[in-house]
$ cat coords.pdb   # PDB, C-alpha atoms
ATOM      1  CA  MET Z1174     -32.847  -7.475 -67.928
ATOM      2  CA  ASN Z1175     -29.393  -6.293 -68.934
ATOM      3  CA  GLU Z1176     -29.157  -2.521 -68.346
ATOM      4  CA  ASN Z1177     -26.906  -1.913 -71.346
ATOM      5  CA  LEU Z1178     -29.273  -3.750 -73.676
ATOM      6  CA  LEU Z1179     -32.236  -1.877 -72.223
ATOM      7  CA  ILE Z1180     -30.491   1.463 -72.773
ATOM      8  CA  GLU Z1181     -29.551   0.544 -76.341
ATOM      9  CA  GLN Z1182     -33.147  -0.442 -77.099
ATOM     10  CA  ILE Z1183     -34.499   2.817 -75.665
ATOM     11  CA  LEU Z1184     -31.959   4.861 -77.620
ATOM     12  CA  ALA Z1185     -33.006   2.958 -80.755
ATOM     13  CA  GLY Z1186     -36.565   4.183 -80.196
ATOM     14  CA  ASP Z1187     -38.069   1.055 -78.643
ATOM     15  CA  GLN Z1188     -41.047   2.377 -76.644
ATOM     16  CA  THR Z1189     -41.610  -1.007 -75.029
ATOM     17  CA  ALA Z1190     -38.091  -0.914 -73.597
ATOM     18  CA  PHE Z1191     -38.767   2.533 -72.126
ATOM     19  CA  SER Z1192     -42.004   1.213 -70.597
ATOM     20  CA  ASP Z1193     -40.042  -1.730 -69.183
ATOM     21  CA  MET Z1194     -37.572   0.679 -67.582
ATOM     22  CA  ILE Z1195     -40.418   2.623 -65.993
ATOM     23  CA  ARG Z1196     -42.087  -0.529 -64.658
ATOM     24  CA  THR Z1197     -38.786  -1.807 -63.304
ATOM     25  CA  TYR Z1198     -37.793   1.311 -61.382
ATOM     26  CA  GLU Z1199     -40.915   3.405 -60.732
ATOM     27  CA  GLU Z1200     -41.900   1.906 -57.373
ATOM     28  CA  ARG Z1201     -38.452   2.244 -55.853
ATOM     29  CA  LEU Z1202     -38.066   5.810 -57.142
ATOM     30  CA  TYR Z1203     -41.559   6.702 -55.981
ATOM     31  CA  HIS Z1204     -40.677   5.747 -52.396
ATOM     32  CA  ILE Z1205     -37.588   7.954 -52.436
ATOM     33  CA  VAL Z1206     -39.481  10.930 -53.854
ATOM     34  CA  TYR Z1207     -42.539  10.463 -51.655
ATOM     35  CA  ARG Z1208     -40.430  10.473 -48.505
ATOM     36  CA  MET Z1209     -39.030  13.816 -49.564
ATOM     37  CA  VAL Z1210     -42.267  15.614 -50.475
ATOM     38  CA  MET Z1211     -44.836  13.659 -48.400
ATOM     39  CA  ASP Z1212     -47.525  14.203 -51.025
ATOM     40  CA  ARG Z1213     -48.708  11.421 -53.332
ATOM     41  CA  HIS Z1214     -49.688  13.664 -56.233
ATOM     42  CA  CYS Z1215     -46.489  15.699 -56.097
ATOM     43  CA  ALA Z1216     -44.437  12.508 -55.898
ATOM     44  CA  GLU Z1217     -46.196  11.147 -58.990
ATOM     45  CA  ASP Z1218     -45.548  14.406 -60.879
ATOM     46  CA  ILE Z1219     -41.891  14.414 -59.868
ATOM     47  CA  LEU Z1220     -41.569  10.778 -60.893
ATOM     48  CA  GLN Z1221     -43.002  11.621 -64.312
ATOM     49  CA  GLU Z1222     -40.522  14.503 -64.619
ATOM     50  CA  THR Z1223     -37.748  12.106 -63.617
ATOM     51  CA  PHE Z1224     -38.528   9.656 -66.408
ATOM     52  CA  ILE Z1225     -38.887  12.457 -68.956
ATOM     53  CA  ALA Z1226     -35.498  13.856 -67.921
ATOM     54  CA  ALA Z1227     -33.993  10.373 -68.065
ATOM     55  CA  PHE Z1228     -35.371   9.824 -71.567
ATOM     56  CA  LEU Z1229     -34.097  13.196 -72.783
ATOM     57  CA  ASN Z1230     -30.652  12.678 -71.238
ATOM     58  CA  LEU Z1231     -30.144   8.949 -71.712
ATOM     59  CA  ARG Z1232     -27.431   9.532 -74.313
ATOM     60  CA  LYS Z1233     -25.462  11.389 -71.616
ATOM     61  CA  PHE Z1234     -25.601   8.423 -69.209
ATOM     62  CA  ARG Z1235     -21.931   7.487 -68.714
ATOM     63  CA  LYS Z1236     -22.546   4.027 -67.253
ATOM     64  CA  ASP Z1237     -20.025   4.593 -64.450
ATOM     65  CA  SER Z1238     -22.891   3.877 -62.056
ATOM     66  CA  SER Z1239     -25.942   1.654 -62.304
ATOM     67  CA  LEU Z1240     -29.093   2.832 -64.045
ATOM     68  CA  ILE Z1241     -31.052   2.864 -60.769
ATOM     69  CA  THR Z1242     -28.377   5.056 -59.149
ATOM     70  CA  TRP Z1243     -28.531   7.501 -62.064
ATOM     71  CA  LEU Z1244     -32.354   7.530 -62.006
ATOM     72  CA  SER Z1245     -32.336   7.956 -58.213
ATOM     73  CA  ALA Z1246     -30.036  10.958 -58.523
ATOM     74  CA  ILE Z1247     -32.373  12.538 -61.078
ATOM     75  CA  ALA Z1248     -35.399  11.852 -58.856
ATOM     76  CA  TYR Z1249     -33.605  13.185 -55.771
ATOM     77  CA  ASN Z1250     -32.607  16.391 -57.574
ATOM     78  CA  LYS Z1251     -36.107  16.876 -59.022
ATOM     79  CA  ALA Z1252     -37.644  16.456 -55.568
ATOM     80  CA  LEU Z1253     -35.090  18.806 -54.024
ATOM     81  CA  THR Z1254     -35.834  21.414 -56.684
ATOM     82  CA  TYR Z1255     -39.534  21.010 -56.001
ATOM     83  CA  ALA Z1256     -39.022  21.437 -52.248
ATOM     84  CA  LYS Z1257     -36.940  24.581 -52.750
ATOM     85  CA  ARG Z1258     -39.354  26.051 -55.294
ATOM     86  CA  GLU Z1259     -42.351  25.479 -53.052
ATOM     87  CA  ARG Z1260     -40.364  26.347 -49.904
ATOM     88  CA  LEU Z1261     -41.606  23.175 -48.338
ATOM     89  CA  ASN Z1262     -40.375  22.233 -44.939
ATOM     90  CA  LYS Z1263     -41.973  18.822 -44.954
ATOM     91  CA  TRP Z1264     -40.141  15.804 -43.787
ATOM     92  CA  LEU Z1265     -39.543  12.241 -44.859
ATOM     93  CA  SER Z1266     -41.532   9.455 -43.382
ATOM     94  CA  LEU Z1267     -39.844   6.512 -41.770
ATOM     95  CA  ASP Z1268     -41.687   3.319 -41.040
ATOM     96  CA  VAL Z1269     -40.846   2.035 -37.586
ATOM     97  CA  THR Z1270     -40.405  -1.501 -38.882
ATOM     98  CA  ALA Z1271     -37.569  -0.354 -41.168
ATOM     99  CA  PHE Z1272     -35.507   1.201 -38.382
ATOM    100  CA  VAL Z1273     -34.466  -0.645 -35.255
ATOM    101  CA  VAL Z1274     -34.684   1.566 -32.211
ATOM    102  CA  ASN Z1275     -32.227   0.875 -29.428
ATOM    103  CA  SER Z1276     -34.018   2.466 -26.528
ATOM    104  CA  ALA Z1277     -34.028   1.482 -22.888
ATOM    105  CA  HIS Z1278     -37.780   2.118 -22.881
ATOM    106  CA  ALA Z1279     -38.649   0.334 -26.125
ATOM    107  CA  GLY Z1280     -40.065  -2.707 -24.353
ATOM    108  CA  GLN Z1281     -42.353  -0.563 -22.203
ATOM    109  CA  ILE Z1282     -44.482   0.876 -24.963
ATOM    110  CA  GLU Z1283     -46.474  -0.707 -27.727
ATOM    111  CA  LYS Z1284     -45.327  -0.732 -31.348
ATOM    112  CA  LYS Z1285     -47.959   1.824 -32.373
ATOM    113  CA  GLU Z1286     -46.847   4.181 -29.622
ATOM    114  CA  LEU Z1287     -43.192   3.640 -30.517
ATOM    115  CA  LYS Z1288     -43.962   4.487 -34.127
ATOM    116  CA  GLN Z1289     -45.503   7.791 -33.033
ATOM    117  CA  VAL Z1290     -42.461   8.610 -30.888
ATOM    118  CA  LEU Z1291     -40.163   7.784 -33.809
ATOM    119  CA  GLU Z1292     -42.182   9.844 -36.296
ATOM    120  CA  ASN Z1293     -42.123  12.816 -33.928
ATOM    121  CA  ALA Z1294     -38.364  12.495 -33.582
ATOM    122  CA  MET Z1295     -37.933  12.175 -37.363
ATOM    123  CA  MET Z1296     -39.913  15.375 -37.918
ATOM    124  CA  LYS Z1297     -37.237  17.274 -36.038
ATOM    125  CA  LEU Z1298     -34.324  16.041 -38.185
ATOM    126  CA  PRO Z1299     -32.951  18.253 -40.984
ATOM    127  CA  VAL Z1300     -33.948  17.055 -44.462
ATOM    128  CA  ASP Z1301     -30.445  15.901 -45.461
ATOM    129  CA  LEU Z1302     -30.258  13.612 -42.433
ATOM    130  CA  ARG Z1303     -33.728  12.256 -43.137
ATOM    131  CA  VAL Z1304     -32.803  11.545 -46.757
ATOM    132  CA  VAL Z1305     -29.720   9.595 -45.668
ATOM    133  CA  MET Z1306     -31.769   7.613 -43.131
ATOM    134  CA  THR Z1307     -34.423   6.786 -45.725
ATOM    135  CA  LEU Z1308     -31.990   5.746 -48.434
ATOM    136  CA  HIS Z1309     -29.942   3.630 -46.022
ATOM    137  CA  GLU Z1310     -32.538   2.155 -43.659
ATOM    138  CA  ILE Z1311     -35.568   1.802 -45.947
ATOM    139  CA  GLU Z1312     -34.146   1.557 -49.454
ATOM    140  CA  HIS Z1313     -31.146  -0.425 -48.159
ATOM    141  CA  LEU Z1314     -28.689   1.414 -50.376
ATOM    142  CA  ASP Z1315     -24.989   1.278 -49.634
ATOM    143  CA  HIS Z1316     -23.003   4.365 -48.645
ATOM    144  CA  LYS Z1317     -21.334   4.740 -52.056
ATOM    145  CA  THR Z1318     -24.659   4.690 -53.896
ATOM    146  CA  ILE Z1319     -26.176   7.210 -51.476
ATOM    147  CA  ALA Z1320     -23.162   9.470 -52.037
ATOM    148  CA  GLU Z1321     -23.695   9.274 -55.810
ATOM    149  CA  ILE Z1322     -27.402  10.057 -55.459
ATOM    150  CA  MET Z1323     -26.810  12.994 -53.104
ATOM    151  CA  ASP Z1324     -23.699  14.144 -54.974
ATOM    152  CA  CYS Z1325     -21.515  14.240 -51.880
ATOM    153  CA  PRO Z1326     -18.460  12.366 -50.564
ATOM    154  CA  VAL Z1327     -18.980   8.920 -49.008
ATOM    155  CA  GLY Z1328     -17.565  10.288 -45.751
ATOM    156  CA  THR Z1329     -20.408  12.811 -45.627
ATOM    157  CA  VAL Z1330     -22.924   9.979 -45.936
ATOM    158  CA  TRP Z1331     -21.261   8.115 -43.043
ATOM    159  CA  SER Z1332     -21.159  11.287 -40.976
ATOM    160  CA  ASN Z1333     -24.777  12.247 -41.693
ATOM    161  CA  LEU Z1334     -25.996   8.746 -40.968
ATOM    162  CA  SER Z1335     -24.133   8.700 -37.676
ATOM    163  CA  ARG Z1336     -25.442  12.165 -36.747
ATOM    164  CA  ALA Z1337     -29.016  11.208 -37.650
ATOM    165  CA  LYS Z1338     -28.907   8.061 -35.534
ATOM    166  CA  ALA Z1339     -27.384   9.903 -32.569
ATOM    167  CA  ILE Z1340     -29.982  12.674 -32.775
ATOM    168  CA  LEU Z1341     -32.802  10.152 -33.132
ATOM    169  CA  LYS Z1342     -31.594   8.145 -30.147
ATOM    170  CA  THR Z1343     -31.505  11.268 -27.989
ATOM    171  CA  LYS Z1344     -34.905  12.484 -29.187
ATOM    172  CA  ILE Z1345     -36.466   9.033 -28.829
ATOM    173  CA  ASP Z1346     -35.124   8.621 -25.285
ATOM    174  CA  VAL Z1347     -36.452  12.063 -24.296
ATOM    175  CA  ASN Z1348     -39.802  11.579 -26.066
ATOM    176  CA  THR Z1349     -40.229   8.075 -24.663
ATOM    177  CA  THR Z1350     -39.456   9.236 -21.132
ATOM    178  CA  THR Z1351     -41.906  12.136 -21.497
ATOM    179  CA  TYR Z1352     -44.530   9.836 -22.988
ATOM    180  CA  LEU Z1353     -44.143   7.293 -20.208
ATOM    181  CA  SER Z1354     -44.382   9.900 -17.454
ATOM    182  CA  ASN Z1355     -47.479  11.452 -19.089
ATOM    183  CA  ARG Z1356     -49.006   8.005 -19.403
ATOM    184  CA  LYS Z1357     -48.462   7.288 -15.668
ATOM    185  CA  ASN Z1358     -50.157  10.586 -14.752
ATOM    186  CA  LYS Z1359     -53.381   9.652 -16.560
TER     187      LYS Z1359
END
$ encode --input "coords.pdb" --output "structure tokens"
Amino acid sequence: MNENLLIEQILAGDQTAFSDMIRTYEERLYHIVYRMVMDRHCAEDILQETFIAAFLNLRKFRKDSSLITWLSAIAYNKALTYAKRERLNKWLSLDVTAFVVNSAHAGQIEKKELKQVLENAMMKLPVDLRVVMTLHEIEHLDHKTIAEIMDCPVGTVWSNLSRAKAILKTKIDVNTTTYLSNRKNK
């Protein structure tokens, strides 16, 4: 559906159009929010707040970005506010199939074991690096869109993505080596 037409219909009071917008974008937004708060119920609440905020502020939407980028930015900010308010130090989840690990030991351990090593390494990343990894590697967003969502320069996205991958590679190599040596001792 044409975004501009959808927006016009919502602004004209068409409840079906608003429902269509929710159905179109809720799953993608849910994944972003869930990876930030790691709680299904909280993610659902934040998603509801996101759509309420979008409805209340739709007239302010400048259309210099896509609707999904604007909605993602709202969802990201709502989730960030939630995390700060609750002083959560939970991390994003990253499915091993969405991120290709270049490790010398990758062929030596099973996929399930590799996933555990990766999840352990991800838990040690700062939230901003985990957000960038999730948006880029799982949601497949481009650097410009991620920068708009996170309200930062594109160069910061590139830098954070590079830092996250370098840290992960180091942590995965160390964790894999430790895992393999512990496995041999059993």
$ resolve_selection --input "coords.pdb" --expression "the PyMOL selection byres ((chain Z and resi 1307-1318) around 7)" --output "list in words"
Thr1242, Leu1267, Ala1271, Phe1272, Arg1303, Val1304, Val1305, Met1306, Ile1319, Ala1320, Glu1321, Ile1322, Val1327, Val1330 and Trp1331 of chain Z
$ resolve_selection --input "coords.pdb" --expression "the PyMOL selection byres ((chain Z and resi 1180-1190) around 12)" --output "PDB file with C-alpha atoms, keeping the file's coordinate frame"
ATOM      1  CA  MET Z1174     -32.847  -7.475 -67.928  1.00  0.00           C
ATOM      2  CA  ASN Z1175     -29.393  -6.293 -68.934  1.00  0.00           C
ATOM      3  CA  GLU Z1176     -29.157  -2.521 -68.346  1.00  0.00           C
ATOM      4  CA  ASN Z1177     -26.906  -1.913 -71.346  1.00  0.00           C
ATOM      5  CA  LEU Z1178     -29.273  -3.750 -73.676  1.00  0.00           C
ATOM      6  CA  LEU Z1179     -32.236  -1.877 -72.223  1.00  0.00           C
ATOM      7  CA  PHE Z1191     -38.767   2.533 -72.126  1.00  0.00           C
ATOM      8  CA  SER Z1192     -42.004   1.213 -70.597  1.00  0.00           C
ATOM      9  CA  ASP Z1193     -40.042  -1.730 -69.183  1.00  0.00           C
ATOM     10  CA  MET Z1194     -37.572   0.679 -67.582  1.00  0.00           C
ATOM     11  CA  ILE Z1195     -40.418   2.623 -65.993  1.00  0.00           C
ATOM     12  CA  ARG Z1196     -42.087  -0.529 -64.658  1.00  0.00           C
ATOM     13  CA  THR Z1197     -38.786  -1.807 -63.304  1.00  0.00           C
ATOM     14  CA  ALA Z1227     -33.993  10.373 -68.065  1.00  0.00           C
ATOM     15  CA  PHE Z1228     -35.371   9.824 -71.567  1.00  0.00           C
ATOM     16  CA  LEU Z1229     -34.097  13.196 -72.783  1.00  0.00           C
ATOM     17  CA  ASN Z1230     -30.652  12.678 -71.238  1.00  0.00           C
ATOM     18  CA  LEU Z1231     -30.144   8.949 -71.712  1.00  0.00           C
ATOM     19  CA  ARG Z1232     -27.431   9.532 -74.313  1.00  0.00           C
ATOM     20  CA  LYS Z1233     -25.462  11.389 -71.616  1.00  0.00           C
ATOM     21  CA  PHE Z1234     -25.601   8.423 -69.209  1.00  0.00           C
ATOM     22  CA  ARG Z1235     -21.931   7.487 -68.714  1.00  0.00           C
ATOM     23  CA  LYS Z1236     -22.546   4.027 -67.253  1.00  0.00           C
ATOM     24  CA  SER Z1239     -25.942   1.654 -62.304  1.00  0.00           C
ATOM     25  CA  LEU Z1240     -29.093   2.832 -64.045  1.00  0.00           C
TER      26      LEU Z1240
END
$ residues_around --input "coords.pdb" --residues "segment 1250-1256 of chain Z" --least-positions-apart "5" --cutoff "7 Å" --atoms "all atoms listed in the file" --output "PyMOL selection string"
chain Z and resi 1206+1209-1210+1219+1223+1261
$ closest_residue --input "coords.pdb" --among "Z:Gln1221, Z:Ser1238, Z:Thr1343, Z:Ser1245" --to "Leu1298 of chain Z" --atoms "only C-alpha atoms"
Z:Thr1343
$ atom_distance --input "coords.pdb" --atom1 "atom CA of Ala1216 of chain Z" --atom2 "atom CA of Glu1199 of chain Z"
10.9 Å
$ atom_distance --input "coords.pdb" --atom1 "atom CA of Cys1215 of chain Z" --atom2 "atom CA of Tyr1203 of chain Z"
10.3 Å
$ atom_distance --input "coords.pdb" --atom1 "atom CA of Glu1292 of chain Z" --atom2 "atom CA of Lys1342 of chain Z"
12.4 Å
$ closest_residue --input "coords.pdb" --among "Z:Pro1299, Z:Leu1244, Z:Glu1217, Z:Ala1226" --to "Tyr1198 of chain Z" --atoms "all atoms listed in the file"
Z:Leu1244
